[in-house]
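Below is final27.cif, which holds mmCIF, C-alpha atoms.
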data_target
#
loop_
_atom_site.group_PDB
_atom_site.id
_atom_site.type_symbol
_atom_site.label_atom_id
_atom_site.label_comp_id
_atom_site.auth_asym_id
_atom_site.auth_seq_id
_atom_site.Cartn_x
_atom_site.Cartn_y
_atom_site.Cartn_z
ATOM 1 C CA ILE I 7 31.964 -52.834 43.729
ATOM 2 C CA HIS I 8 28.791 -54.930 43.642
ATOM 3 C CA ILE I 9 27.939 -53.662 40.174
ATOM 4 C CA ILE I 10 31.376 -54.581 38.859
ATOM 5 C CA ASN I 11 31.127 -58.059 40.367
ATOM 6 C CA ASP I 12 27.658 -58.494 38.863
ATOM 7 C CA LEU I 13 28.934 -57.477 35.430
ATOM 8 C CA LEU I 14 31.873 -59.857 35.708
ATOM 9 C CA GLU I 15 29.521 -62.655 36.708
ATOM 10 C CA LEU I 16 27.217 -61.853 33.802
ATOM 11 C CA ASN I 17 30.213 -62.069 31.490
ATOM 12 C CA ARG I 18 31.113 -65.506 32.916
ATOM 13 C CA ILE I 19 27.530 -66.653 32.313
ATOM 14 C CA GLU I 20 27.630 -65.451 28.707
ATOM 15 C CA ASP I 21 31.019 -67.139 28.164
ATOM 16 C CA ASN I 22 29.794 -70.384 29.773
ATOM 17 C CA THR I 23 32.662 -70.212 32.264
ATOM 18 C CA LEU I 24 30.638 -69.710 35.437
ATOM 19 C CA VAL I 25 31.326 -72.518 37.872
ATOM 20 C CA LEU I 26 28.489 -73.456 40.206
ATOM 21 C CA ASN I 27 29.032 -75.280 43.483
ATOM 22 C CA PRO I 28 25.675 -76.774 44.445
ATOM 23 C CA VAL I 29 25.164 -77.899 48.035
ATOM 24 C CA SER I 30 22.151 -78.649 50.195
ATOM 25 C CA PHE I 31 21.263 -75.774 52.536
ATOM 26 C CA SER I 32 18.323 -74.140 54.259
ATOM 27 C CA LEU I 33 16.990 -71.303 52.132
ATOM 28 C CA LYS I 34 14.994 -70.096 55.152
ATOM 29 C CA GLU I 35 18.213 -69.678 57.147
ATOM 30 C CA VAL I 36 19.856 -67.796 54.279
ATOM 31 C CA VAL I 37 16.907 -65.396 54.004
ATOM 32 C CA ASP I 38 16.646 -64.924 57.771
ATOM 33 C CA ASN I 39 20.409 -64.309 58.179
ATOM 34 C CA ILE I 40 20.577 -61.756 55.389
ATOM 35 C CA ALA I 41 17.481 -59.938 56.669
ATOM 36 C CA GLU I 42 18.961 -59.868 60.182
ATOM 37 C CA ARG I 43 22.234 -58.378 58.917
ATOM 38 C CA ARG I 44 20.327 -55.787 56.885
ATOM 39 C CA ASN I 45 18.223 -54.798 59.874
ATOM 40 C CA LYS I 46 21.346 -54.291 62.011
ATOM 41 C CA SER I 47 22.782 -52.094 59.287
ATOM 42 C CA LEU I 48 19.533 -50.143 58.951
ATOM 43 C CA ALA I 49 19.300 -49.675 62.722
ATOM 44 C CA SER I 50 22.870 -48.359 62.943
ATOM 45 C CA SER I 51 22.090 -45.782 60.247
ATOM 46 C CA ASN I 52 19.030 -44.562 62.191
ATOM 47 C CA SER I 53 16.752 -45.665 59.386
ATOM 48 C CA LYS I 54 13.078 -46.115 60.154
ATOM 49 C CA LEU I 55 12.921 -48.908 57.621
ATOM 50 C CA TYR I 56 12.780 -52.482 58.924
ATOM 51 C CA ILE I 57 12.757 -55.669 56.905
ATOM 52 C CA GLU I 58 10.405 -58.382 58.077
ATOM 53 C CA VAL I 59 10.556 -61.723 56.342
ATOM 54 C CA GLN I 60 7.780 -64.241 56.758
ATOM 55 C CA SER I 61 9.046 -67.431 55.260
ATOM 56 C CA SER I 62 7.075 -70.614 55.272
ATOM 57 C CA PRO I 63 8.062 -73.077 58.015
ATOM 58 C CA GLU I 64 7.613 -75.750 55.351
ATOM 59 C CA LEU I 65 10.463 -74.297 53.321
ATOM 60 C CA THR I 66 12.891 -77.181 53.218
ATOM 61 C CA ASN I 67 16.475 -77.486 52.139
ATOM 62 C CA VAL I 68 17.349 -76.675 48.571
ATOM 63 C CA TYR I 69 20.175 -77.961 46.392
ATOM 64 C CA ALA I 70 21.812 -74.973 44.735
ATOM 65 C CA ASP I 71 24.885 -72.779 44.711
ATOM 66 C CA LYS I 72 24.615 -71.155 48.145
ATOM 67 C CA ILE I 73 26.733 -68.125 47.260
ATOM 68 C CA ARG I 74 24.577 -67.384 44.210
ATOM 69 C CA ALA I 75 21.390 -67.905 46.249
ATOM 70 C CA GLU I 76 22.665 -65.462 48.878
ATOM 71 C CA SER I 77 23.399 -62.970 46.128
ATOM 72 C CA VAL I 78 19.864 -63.292 44.721
ATOM 73 C CA VAL I 79 18.288 -62.848 48.165
ATOM 74 C CA SER I 80 20.535 -59.870 48.833
ATOM 75 C CA HIS I 81 19.478 -58.223 45.551
ATOM 76 C CA ILE I 82 15.810 -58.812 46.363
ATOM 77 C CA LEU I 83 16.258 -57.160 49.764
ATOM 78 C CA ASP I 84 18.170 -54.280 48.126
ATOM 79 C CA ASN I 85 15.145 -53.673 45.930
ATOM 80 C CA ALA I 86 12.782 -53.986 48.896
ATOM 81 C CA GLU I 87 14.797 -51.369 50.782
ATOM 82 C CA LEU I 88 14.700 -48.998 47.827
ATOM 83 C CA ILE I 89 10.969 -49.445 47.375
ATOM 84 C CA GLY I 90 10.455 -48.923 51.101
ATOM 85 C CA LEU I 91 12.587 -45.807 51.175
ATOM 86 C CA TYR I 92 11.012 -44.217 48.109
ATOM 87 C CA SER I 93 7.453 -45.059 49.107
ATOM 88 C CA ARG I 94 7.951 -43.140 52.354
ATOM 89 C CA LEU I 95 9.269 -39.910 50.790
#
As structure tokens, how would this structure be written, given the file I've shared?
Amino acid sequence: IHIINDLLELNRIEDNTLVLNPVSFSLKEVVDNIAERRNKSLASSNSKLYIEVQSSPELTNVYADKIRAESVVSHILDNAELIGLYSRL
């Protein structure tokens, strides 16, 4: 489902129909929340992989589309999980 949504979003970008909703939010909180959810999921699947995020305490609020930012962070952590899993095989 994620791949289909990504392709649909890419199509909206190419058609210049993507609507952004910028707001001010804490990027640190977004990263920490997503990492926490991922770690709960990893723990429930008996994975030995754990995601540790060390974000700068100086990371201030950003003005961006929060949903898109969450998506980017989620994709980065997806890649980190894959790299972690394959490097341990």
Would you write out, as a tab-separated table, a table of all residues in segment 18-40 of chain I that have an atom no more than 10 Å from an atom of segment 78-90 of chain I, listing for each the closest atom pair and the distance in Å to one decimal, considering all atoms listed in the file and ordering rows by chain and rising residue number?
residue	atom	partner	partner_atom	distance
I:Leu33	CA	I:Val79	CA	9.4
I:Val36	CA	I:Val79	CA	8.0
I:Val37	CA	I:Val79	CA	6.5
I:Asp38	CA	I:Val79	CA	10.0
I:Ile40	CA	I:Ser80	CA	6.8
Preceding selection exported with C-alpha atoms as a short mmCIF file (atom, residue, chain, number, x, y, z; two decimals), in the frame of the given file:
data_model
loop_
_atom_site.label_atom_id
_atom_site.label_comp_id
_atom_site.auth_asym_id
_atom_site.auth_seq_id
_atom_site.Cartn_x
_atom_site.Cartn_y
_atom_site.Cartn_z
CA LEU I 33 16.99 -71.30 52.13
CA VAL I 36 19.86 -67.80 54.28
CA VAL I 37 16.91 -65.40 54.00
CA ASP I 38 16.65 -64.92 57.77
CA ILE I 40 20.58 -61.76 55.39
#
For Ser61 of chain I, which of I:Lys34, I:His8, I:Arg74, I:Arg43 is the closest residue, counting all atoms listed in the file?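 Looking only at the distances to Ser61 of chain I, the closest residue turns out to be I:Lys34.
Proximity of I:Ser53, I:Ser62, I:Ser30, I:Ser47 to Ala75 of chain I, computed with only C-alpha atoms, is greatest for I:Ser30.
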Mind pulling up the distance from atom CA of Val59 of chain I to atom CA of Ser77 of chain I?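 We find that atom CA of Ser77 of chain I and atom CA of Val59 of chain I lie 16.5 Å from each other.
Between atom CA of Ser32 of chain I and atom CA of Arg44 of chain I the separation is 18.6 Å.
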Between atom CA of Asn67 of chain I and atom CA of Pro28 of chain I, what is the distance, to one decimal in Å?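 Separation between atom CA of Asn67 of chain I and atom CA of Pro28 of chain I: 12.0 Å.
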I need segment 11-95 of chain I written out with C-alpha atoms, as a PDB file, in the first residue's frame; please produce it.
ATOM      1  CA  ASN I  11       0.594   5.860  -2.148  1.00  0.00           C
ATOM      2  CA  ASP I  12       4.149   6.945  -2.968  1.00  0.00           C
ATOM      3  CA  LEU I  13       3.500   6.526  -6.690  1.00  0.00           C
ATOM      4  CA  LEU I  14       0.263   8.487  -6.448  1.00  0.00           C
ATOM      5  CA  GLU I  15       2.067  11.247  -4.578  1.00  0.00           C
ATOM      6  CA  LEU I  16       4.832  11.295  -7.175  1.00  0.00           C
ATOM      7  CA  ASN I  17       2.180  11.673  -9.856  1.00  0.00           C
ATOM      8  CA  ARG I  18       0.647  14.635  -7.976  1.00  0.00           C
ATOM      9  CA  ILE I  19       4.097  16.241  -7.771  1.00  0.00           C
ATOM     10  CA  GLU I  20       4.651  15.798 -11.507  1.00  0.00           C
ATOM     11  CA  ASP I  21       1.176  17.207 -12.261  1.00  0.00           C
ATOM     12  CA  ASN I  22       1.732  20.162  -9.899  1.00  0.00           C
ATOM     13  CA  THR I  23      -1.403  19.192  -7.977  1.00  0.00           C
ATOM     14  CA  LEU I  24       0.215  18.261  -4.670  1.00  0.00           C
ATOM     15  CA  VAL I  25      -1.164  20.426  -1.896  1.00  0.00           C
ATOM     16  CA  LEU I  26       1.178  21.152   0.996  1.00  0.00           C
ATOM     17  CA  ASN I  27      -0.044  22.201   4.426  1.00  0.00           C
ATOM     18  CA  PRO I  28       2.923  23.801   6.176  1.00  0.00           C
ATOM     19  CA  VAL I  29       2.784  24.214   9.947  1.00  0.00           C
ATOM     20  CA  SER I  30       5.348  24.810  12.664  1.00  0.00           C
ATOM     21  CA  PHE I  31       6.278  21.623  14.538  1.00  0.00           C
ATOM     22  CA  SER I  32       9.143  19.980  16.374  1.00  0.00           C
ATOM     23  CA  LEU I  33      11.116  17.789  13.997  1.00  0.00           C
ATOM     24  CA  LYS I  34      12.821  16.199  17.018  1.00  0.00           C
ATOM     25  CA  GLU I  35       9.443  15.056  18.357  1.00  0.00           C
ATOM     26  CA  VAL I  36       8.471  13.643  14.963  1.00  0.00           C
ATOM     27  CA  VAL I  37      11.720  11.664  14.720  1.00  0.00           C
ATOM     28  CA  ASP I  38      11.522  10.460  18.324  1.00  0.00           C
ATOM     29  CA  ASN I  39       7.853   9.394  18.002  1.00  0.00           C
ATOM     30  CA  ILE I  40       8.406   7.462  14.793  1.00  0.00           C
ATOM     31  CA  ALA I  41      11.510   5.747  16.191  1.00  0.00           C
ATOM     32  CA  GLU I  42       9.585   4.809  19.345  1.00  0.00           C
ATOM     33  CA  ARG I  43       6.740   3.283  17.316  1.00  0.00           C
ATOM     34  CA  ARG I  44       9.233   1.371  15.169  1.00  0.00           C
ATOM     35  CA  ASN I  45      11.019   0.012  18.219  1.00  0.00           C
ATOM     36  CA  LYS I  46       7.727  -1.238  19.694  1.00  0.00           C
ATOM     37  CA  SER I  47       6.980  -2.966  16.413  1.00  0.00           C
ATOM     38  CA  LEU I  48      10.473  -4.466  16.244  1.00  0.00           C
ATOM     39  CA  ALA I  49      10.246  -5.669  19.848  1.00  0.00           C
ATOM     40  CA  SER I  50       6.884  -7.360  19.244  1.00  0.00           C
ATOM     41  CA  SER I  51       8.358  -9.237  16.275  1.00  0.00           C
ATOM     42  CA  ASN I  52      11.258 -10.510  18.422  1.00  0.00           C
ATOM     43  CA  SER I  53      13.733  -8.630  16.274  1.00  0.00           C
ATOM     44  CA  LYS I  54      17.175  -7.974  17.692  1.00  0.00           C
ATOM     45  CA  LEU I  55      17.309  -4.721  15.784  1.00  0.00           C
ATOM     46  CA  TYR I  56      16.798  -1.493  17.738  1.00  0.00           C
ATOM     47  CA  ILE I  57      16.677   2.024  16.380  1.00  0.00           C
ATOM     48  CA  GLU I  58      18.469   4.666  18.400  1.00  0.00           C
ATOM     49  CA  VAL I  59      18.118   8.258  17.318  1.00  0.00           C
ATOM     50  CA  GLN I  60      20.455  10.907  18.637  1.00  0.00           C
ATOM     51  CA  SER I  61      18.997  14.190  17.578  1.00  0.00           C
ATOM     52  CA  SER I  62      20.511  17.487  18.501  1.00  0.00           C
ATOM     53  CA  PRO I  63      18.842  19.223  21.461  1.00  0.00           C
ATOM     54  CA  GLU I  64      19.295  22.416  19.451  1.00  0.00           C
ATOM     55  CA  LEU I  65      16.967  21.127  16.755  1.00  0.00           C
ATOM     56  CA  THR I  66      14.218  23.708  16.804  1.00  0.00           C
ATOM     57  CA  ASN I  67      10.807  23.860  15.241  1.00  0.00           C
ATOM     58  CA  VAL I  68      10.545  23.710  11.491  1.00  0.00           C
ATOM     59  CA  TYR I  69       7.900  25.119   9.167  1.00  0.00           C
ATOM     60  CA  ALA I  70       6.913  22.383   6.740  1.00  0.00           C
ATOM     61  CA  ASP I  71       4.188  19.938   5.814  1.00  0.00           C
ATOM     62  CA  LYS I  72       4.197  17.682   8.882  1.00  0.00           C
ATOM     63  CA  ILE I  73       2.637  14.697   7.118  1.00  0.00           C
ATOM     64  CA  ARG I  74       5.270  14.820   4.369  1.00  0.00           C
ATOM     65  CA  ALA I  75       8.051  15.235   6.954  1.00  0.00           C
ATOM     66  CA  GLU I  76       6.760  12.189   8.841  1.00  0.00           C
ATOM     67  CA  SER I  77       6.745  10.251   5.592  1.00  0.00           C
ATOM     68  CA  VAL I  78      10.365  11.213   4.856  1.00  0.00           C
ATOM     69  CA  VAL I  79      11.500  10.237   8.363  1.00  0.00           C
ATOM     70  CA  SER I  80       9.594   6.972   8.095  1.00  0.00           C
ATOM     71  CA  HIS I  81      11.299   6.147   4.775  1.00  0.00           C
ATOM     72  CA  ILE I  82      14.710   6.929   6.260  1.00  0.00           C
ATOM     73  CA  LEU I  83      14.023   4.579   9.175  1.00  0.00           C
ATOM     74  CA  ASP I  84      12.749   1.916   6.744  1.00  0.00           C
ATOM     75  CA  ASN I  85      16.100   2.082   4.986  1.00  0.00           C
ATOM     76  CA  ALA I  86      17.973   2.022   8.299  1.00  0.00           C
ATOM     77  CA  GLU I  87      16.080  -1.118   9.315  1.00  0.00           C
ATOM     78  CA  LEU I  88      16.892  -2.811   6.023  1.00  0.00           C
ATOM     79  CA  ILE I  89      20.559  -1.903   6.267  1.00  0.00           C
ATOM     80  CA  GLY I  90      20.621  -3.121   9.863  1.00  0.00           C
ATOM     81  CA  LEU I  91      18.929  -6.387   9.011  1.00  0.00           C
ATOM     82  CA  TYR I  92      21.105  -7.147   5.995  1.00  0.00           C
ATOM     83  CA  SER I  93      24.351  -6.168   7.690  1.00  0.00           C
ATOM     84  CA  ARG I  94      23.670  -8.751  10.399  1.00  0.00           C
ATOM     85  CA  LEU I  95      23.015 -11.711   8.067  1.00  0.00           C
TER      86      LEU I  95
END
